[in-house]
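Participant: This one is structure-v6.csv, CSV, C-alpha atoms and all ligand atoms.
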```
chain,number,residue,atom,x,y,z
A,264,MET,CA,136.9,59.0,-43.0
A,265,ALA,CA,133.1,59.4,-43.3
A,266,GLU,CA,131.4,62.4,-41.9
A,267,HIS,CA,127.8,63.0,-40.9
A,268,VAL,CA,125.8,65.8,-39.3
A,269,ASP,CA,123.6,65.2,-36.2
A,270,PRO,CA,120.7,67.6,-35.8
A,271,TYR,CA,121.4,70.2,-33.1
A,272,LEU,CA,119.3,73.4,-33.4
A,273,SER,CA,116.2,73.2,-35.6
A,274,THR,CA,115.0,75.7,-38.1
A,275,GLU,CA,112.1,76.6,-35.7
A,276,GLN,CA,114.4,77.1,-32.7
A,277,ILE,CA,116.7,79.3,-34.7
A,278,ALA,CA,113.8,81.4,-36.1
A,279,VAL,CA,112.5,82.0,-32.5
A,280,GLU,CA,115.9,83.2,-31.3
A,281,VAL,CA,116.5,85.4,-34.4
A,282,ALA,CA,113.1,87.1,-33.9
A,283,ARG,CA,114.0,87.7,-30.2
A,284,MET,CA,117.4,89.2,-31.0
A,285,GLY,CA,115.8,91.4,-33.7
A,286,GLY,CA,113.4,92.7,-31.0
A,287,GLU,CA,116.2,93.3,-28.6
A,288,ILE,CA,118.2,95.3,-31.1
A,289,ARG,CA,115.1,97.3,-32.1
A,290,ASP,CA,114.5,98.1,-28.4
A,291,ARG,CA,118.1,99.4,-28.0
A,292,PHE,CA,118.0,101.4,-31.2
A,293,ASP,CA,118.0,105.2,-30.4
A,294,GLY,CA,120.0,106.7,-33.3
A,295,ASP,CA,118.8,109.4,-35.7
A,296,GLN,CA,120.8,107.8,-38.5
A,297,PRO,CA,120.3,104.3,-39.9
A,298,LEU,CA,122.0,101.5,-38.0
A,299,VAL,CA,125.0,100.0,-39.7
A,300,LEU,CA,124.7,96.2,-39.7
A,301,ILE,CA,128.1,94.6,-40.4
A,302,CYS,CA,128.0,91.1,-41.8
A,303,VAL,CA,131.1,89.1,-41.1
A,304,LEU,CA,131.6,86.9,-44.2
A,305,LYS,CA,131.0,84.2,-44.9
A,306,GLY,CA,129.5,82.2,-42.1
A,307,SER,CA,127.0,84.9,-41.0
A,308,ILE,CA,125.3,85.4,-44.3
A,309,VAL,CA,122.1,83.3,-43.6
A,310,PHE,CA,121.8,84.6,-40.0
A,311,PHE,CA,122.4,88.2,-41.2
A,312,ALA,CA,119.7,88.0,-43.9
A,313,ASP,CA,117.2,86.7,-41.4
A,314,LEU,CA,118.1,89.1,-38.6
A,315,LEU,CA,117.9,92.1,-41.0
A,316,ARG,CA,114.3,91.2,-41.7
A,317,GLN,CA,113.5,91.0,-38.0
A,318,LEU,CA,114.8,94.5,-37.2
A,319,HIS,CA,112.2,96.9,-38.6
A,320,VAL,CA,114.5,99.9,-38.1
A,321,PRO,CA,116.3,101.9,-40.8
A,322,THR,CA,119.5,99.9,-41.6
A,323,HIS,CA,122.5,100.1,-43.8
A,324,VAL,CA,124.3,96.9,-44.5
A,325,ALA,CA,128.1,96.4,-44.8
A,326,PHE,CA,130.3,93.4,-45.3
A,327,LEU,CA,133.6,92.5,-43.8
A,328,GLY,CA,135.6,89.5,-44.8
A,329,VAL,CA,137.8,87.7,-42.3
A,330,ALA,CA,139.7,84.5,-42.4
A,331,SER,CA,140.8,82.7,-39.2
A,332,TYR,CA,139.9,79.1,-39.6
A,333,GLU,CA,141.2,76.1,-41.6
A,334,GLY,CA,139.2,72.9,-41.3
A,335,THR,CA,137.9,72.5,-37.7
A,336,HIS,CA,140.9,74.2,-36.0
A,337,SER,CA,141.4,77.9,-35.6
A,338,THR,CA,144.8,79.0,-36.9
A,339,GLY,CA,144.7,81.8,-34.3
A,340,ALA,CA,145.8,84.3,-37.0
A,341,VAL,CA,143.0,86.6,-38.2
A,342,ARG,CA,143.3,88.6,-41.4
A,343,LEU,CA,140.9,90.9,-43.3
A,344,THR,CA,140.0,89.6,-46.7
A,345,HIS,CA,137.3,92.2,-47.6
A,346,ASP,CA,136.8,95.7,-46.2
A,347,LEU,CA,133.5,97.5,-45.4
A,348,GLY,CA,133.6,100.0,-48.3
A,349,MET,CA,132.0,102.7,-46.1
A,350,ASP,CA,132.9,105.2,-43.4
A,351,ILE,CA,131.5,104.2,-40.1
A,352,GLY,CA,132.8,107.2,-38.2
A,353,GLY,CA,130.1,108.6,-35.9
A,354,ARG,CA,127.7,105.8,-36.8
A,355,ASP,CA,125.8,103.2,-34.7
A,356,CYS,CA,127.2,99.8,-35.7
A,357,ILE,CA,126.5,96.2,-34.9
A,358,ILE,CA,128.9,93.4,-35.8
A,359,VAL,CA,126.9,90.3,-36.8
A,360,GLU,CA,128.9,87.1,-36.4
A,361,ASP,CA,127.9,83.5,-36.7
A,362,ILE,CA,129.9,82.2,-33.8
A,363,VAL,CA,132.2,83.4,-31.1
A,364,ASP,CA,134.6,80.5,-30.3
A,365,THR,CA,138.1,81.4,-29.0
A,366,GLY,CA,137.1,85.1,-29.3
A,367,LEU,CA,140.2,85.9,-31.4
A,368,THR,CA,138.3,87.0,-34.5
A,369,MET,CA,135.9,89.2,-32.5
A,370,SER,CA,138.6,90.8,-30.5
A,371,TYR,CA,140.5,91.6,-33.7
A,372,LEU,CA,137.3,93.0,-35.3
A,373,LEU,CA,136.5,95.2,-32.3
A,374,GLU,CA,140.0,96.7,-32.2
A,375,ASN,CA,140.0,97.3,-36.0
A,376,LEU,CA,136.5,98.8,-36.2
A,377,LYS,CA,136.9,100.9,-33.0
A,378,SER,CA,139.8,102.7,-34.5
A,379,ARG,CA,137.4,104.0,-37.2
A,380,ARG,CA,135.5,105.9,-34.4
A,381,PRO,CA,131.9,104.7,-34.7
A,382,ARG,CA,129.4,106.3,-32.3
A,383,THR,CA,128.6,102.9,-30.9
A,384,LEU,CA,129.9,99.4,-31.7
A,385,ARG,CA,127.9,96.4,-30.5
A,386,VAL,CA,128.3,92.7,-31.0
A,387,CYS,CA,125.6,90.3,-32.0
A,388,THR,CA,126.4,86.6,-32.4
A,389,LEU,CA,124.1,83.7,-33.1
A,390,LEU,CA,126.3,81.2,-31.3
A,391,HIS,CA,128.7,81.4,-28.4
A,392,LYS,CA,131.0,78.5,-27.3
A,393,PRO,CA,132.3,79.6,-23.9
A,394,GLU,CA,134.4,76.5,-23.3
A,395,ARG,CA,136.9,77.5,-25.9
A,396,GLU,CA,137.3,81.1,-25.0
A,397,GLN,CA,140.8,82.5,-25.2
A,398,VAL,CA,140.0,86.2,-25.0
A,399,LYS,CA,137.0,87.7,-23.4
A,400,VAL,CA,134.9,89.8,-25.8
A,401,PRO,CA,131.8,91.9,-24.9
A,402,MET,CA,128.7,90.4,-26.5
A,403,ASP,CA,125.5,92.5,-26.5
A,404,PHE,CA,123.2,90.1,-28.3
A,405,VAL,CA,123.7,86.3,-28.1
A,406,GLY,CA,121.4,83.6,-29.7
A,407,PHE,CA,122.5,80.3,-28.2
A,408,THR,CA,125.3,79.3,-25.8
A,409,ILE,CA,126.5,75.9,-27.0
A,410,ASP,CA,128.9,73.2,-25.8
A,411,ASP,CA,132.2,72.6,-27.5
A,412,HIS,CA,130.9,71.0,-30.8
A,413,PHE,CA,132.0,71.8,-34.3
A,414,VAL,CA,128.7,73.0,-35.9
A,415,VAL,CA,127.7,73.4,-39.5
A,416,GLY,CA,124.6,74.6,-41.4
A,417,TYR,CA,122.6,77.9,-41.5
A,418,GLY,CA,125.6,79.5,-43.2
A,419,LEU,CA,128.4,77.7,-41.2
A,420,ASP,CA,130.6,75.5,-43.2
A,421,TYR,CA,133.2,72.7,-43.1
A,422,GLU,CA,135.5,73.2,-46.0
A,423,GLN,CA,132.9,75.3,-47.8
A,424,ARG,CA,130.2,72.7,-47.5
A,425,TYR,CA,127.0,72.5,-45.4
A,426,ARG,CA,126.2,76.3,-45.5
A,427,ASP,CA,122.9,75.5,-47.3
A,428,LEU,CA,121.4,73.4,-44.4
A,429,ASP,CA,118.4,75.2,-43.0
A,430,HIS,CA,119.2,74.0,-39.4
A,431,ILE,CA,122.4,73.7,-37.4
A,432,GLY,CA,124.0,70.3,-36.9
A,433,VAL,CA,127.1,68.8,-35.2
A,434,LEU,CA,129.7,67.5,-37.6
A,435,ARG,CA,130.9,64.0,-36.7
A,436,PHE,CA,133.6,61.9,-38.3
A,437,THR,CA,133.5,58.1,-38.3
A,438,ASP,CA,135.9,55.5,-39.8
A,501,LIG,P1,137.1,82.5,-33.1
A,501,LIG,O1,138.1,83.5,-33.7
A,501,LIG,O2,136.2,83.0,-32.1
A,501,LIG,O3,137.9,81.2,-32.6
A,501,LIG,O4,136.3,81.9,-34.3
A,501,LIG,C1,135.5,82.6,-35.1
A,501,LIG,C2,135.2,82.0,-36.4
A,501,LIG,O5,135.6,80.6,-36.5
A,501,LIG,C3,133.8,81.9,-36.7
A,501,LIG,O6,133.4,83.1,-37.3
A,501,LIG,C4,133.6,80.7,-37.6
A,501,LIG,O7,133.9,81.1,-38.9
A,501,LIG,C5,134.7,79.8,-37.2
A,501,LIG,N1,134.2,78.8,-36.2
A,501,LIG,C6,134.3,78.7,-34.9
A,501,LIG,N2,133.7,77.6,-34.4
A,501,LIG,C7,133.1,77.0,-35.5
A,501,LIG,C8,132.2,75.9,-35.6
A,501,LIG,O8,131.9,75.2,-34.6
A,501,LIG,N3,131.8,75.6,-36.8
A,501,LIG,C9,132.1,76.3,-37.9
A,501,LIG,N4,131.6,75.9,-39.1
A,501,LIG,N5,132.9,77.4,-37.8
A,501,LIG,C10,133.4,77.8,-36.6
```
Take the structure in this file and express it as structure tokens.
Ligand code: 5GP
Facilitator:
Amino acid sequence: MAEHVDPYLSTEQIAVEVARMGGEIRDRFDGDQPLVLICVLKGSIVFFADLLRQLHVPTHVAFLGVASYEGTHSTGAVRLTHDLGMDIGGRDCIIVEDIVDTGLTMSYLLENLKSRRPRTLRVCTLLHKPEREQVKVPMDFVGFTIDDHFVVGYGLDYEQRYRDLDHIGVLRFTD
């Protein structure tokens, strides 16, 4: 089966939203300690790096690895593949995710990270696919609300490919 990628969100559209989200996070920042920005590996890496540079507040970065997806279908099972490597107790934290789809990953992350007693724990996602929601998760900062498409690019992959695209496209399969 052949696959191709239809353009969906342009580099320019993404840049505008990321700058807006950076501004919103900055406006809400009131801590006396650096914000802990938690990158959910691997799909968020490009968004994370761009968002970080739009914040202009003191920030510590941390990385969390989770696996929940195989191909274009969620397995429903979420597991931690890499832990933060820092204590977030008493800290102001933001989880930075590429996409909230069924919500299962974010719900797992929130439960896991809350148990470590951060001062605040907020959620920032570039994309939200409400049609596929299985669990409701609080989202403090959202870039784009999208229809039920399987998207790639700007860090998002299909079987580890397409992460390097500078825009976001919809993956389509043809015979
Ligand atoms: P959820 O647990 O909310 O169903 O899915 C979250 C994870 O599934 C995301 O972090 C992402 O890795 C993956 N995912 C969900 N939808 C898409 C999509 O449209 N494209 C890609 N590339 N990954 C997706």
Participant: Using only C-alpha atoms, find the one residue out of A:Cys302, A:Val329, A:Leu373, A:Val324 that sits nearest to Val359 in chain A.
Facilitator: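 Nearest to Val359 in chain A: A:Cys302.
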Participant: Near His345 in chain A, counting all atoms listed in the file, which residues have an atom at most 8 Å away, once you skip same-chain residues fewer than 4 positions from it, shown as a list in words?
Facilitator: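 Contacts, in chain order: Phe326, Leu327, Gly328 and Val329 of chain A.
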Participant: Would you mind listing the residues within 6 Å of ligand LIG 501 (chain A), counting all atoms listed in the file, as a PyMOL selection string?
Facilitator: chain A and resi 306+332+337+361-368+412-415+419-421
Participant: What does the structure give for the distance between CA of Asp290 in chain A and CA of Pro321 in chain A, in Å to one decimal?
Facilitator: 13.1 Å
Participant: Quick one: residues within 8 Å of Glu266 in chain A, only C-alpha atoms, excluding same-chain residues fewer than 6 positions away - as a short mmCIF file (atom, residue, chain, number, x, y, z; two decimals) with C-alpha atoms, in the coordinates of the input?
Facilitator:
```
data_model
loop_
_atom_site.label_atom_id
_atom_site.label_comp_id
_atom_site.auth_asym_id
_atom_site.auth_seq_id
_atom_site.Cartn_x
_atom_site.Cartn_y
_atom_site.Cartn_z
CA LEU A 434 129.70 67.50 -37.60
CA ARG A 435 130.90 64.00 -36.70
CA PHE A 436 133.60 61.90 -38.30
CA THR A 437 133.50 58.10 -38.30
#
```
Participant: Pick from A:Gly418, A:Gly353, A:Gly286, A:Pro270: nearest to Val299 in chain A, with all atoms listed in the file counted?
Facilitator: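 Ranked by minimum distance to Val299 in chain A, first place goes to A:Gly353.
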Participant: Given all atoms listed in the file as the basis, pick out the residue of A:Val309, A:Val268, A:Leu304, A:Ala282 nearest to Asp429 in chain A.
Facilitator: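 Among the listed residues, the smallest separation from Asp429 in chain A belongs to A:Val309.
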Participant: List the spatial neighbours of range 393-404 of chain A as number ranges by chain - criterion: any atom at most 10 Å away, only C-alpha atoms, same-chain residues fewer than 3 positions off excluded.
Facilitator: A: 283-285, 287-288, 339, 357-359, 363-371, 373, 384-390, 407-412
Participant: How many Å lie between CA of Arg289 in chain A and CA of Leu376 in chain A, rounded to one decimal?
Facilitator: 21.8 Å
Participant: Could you state the separation of CA of Asp350 in chain A and CA of His319 in chain A in Å, given to one decimal place?
Facilitator: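 Distance reported for this atom pair: 22.8 Å.
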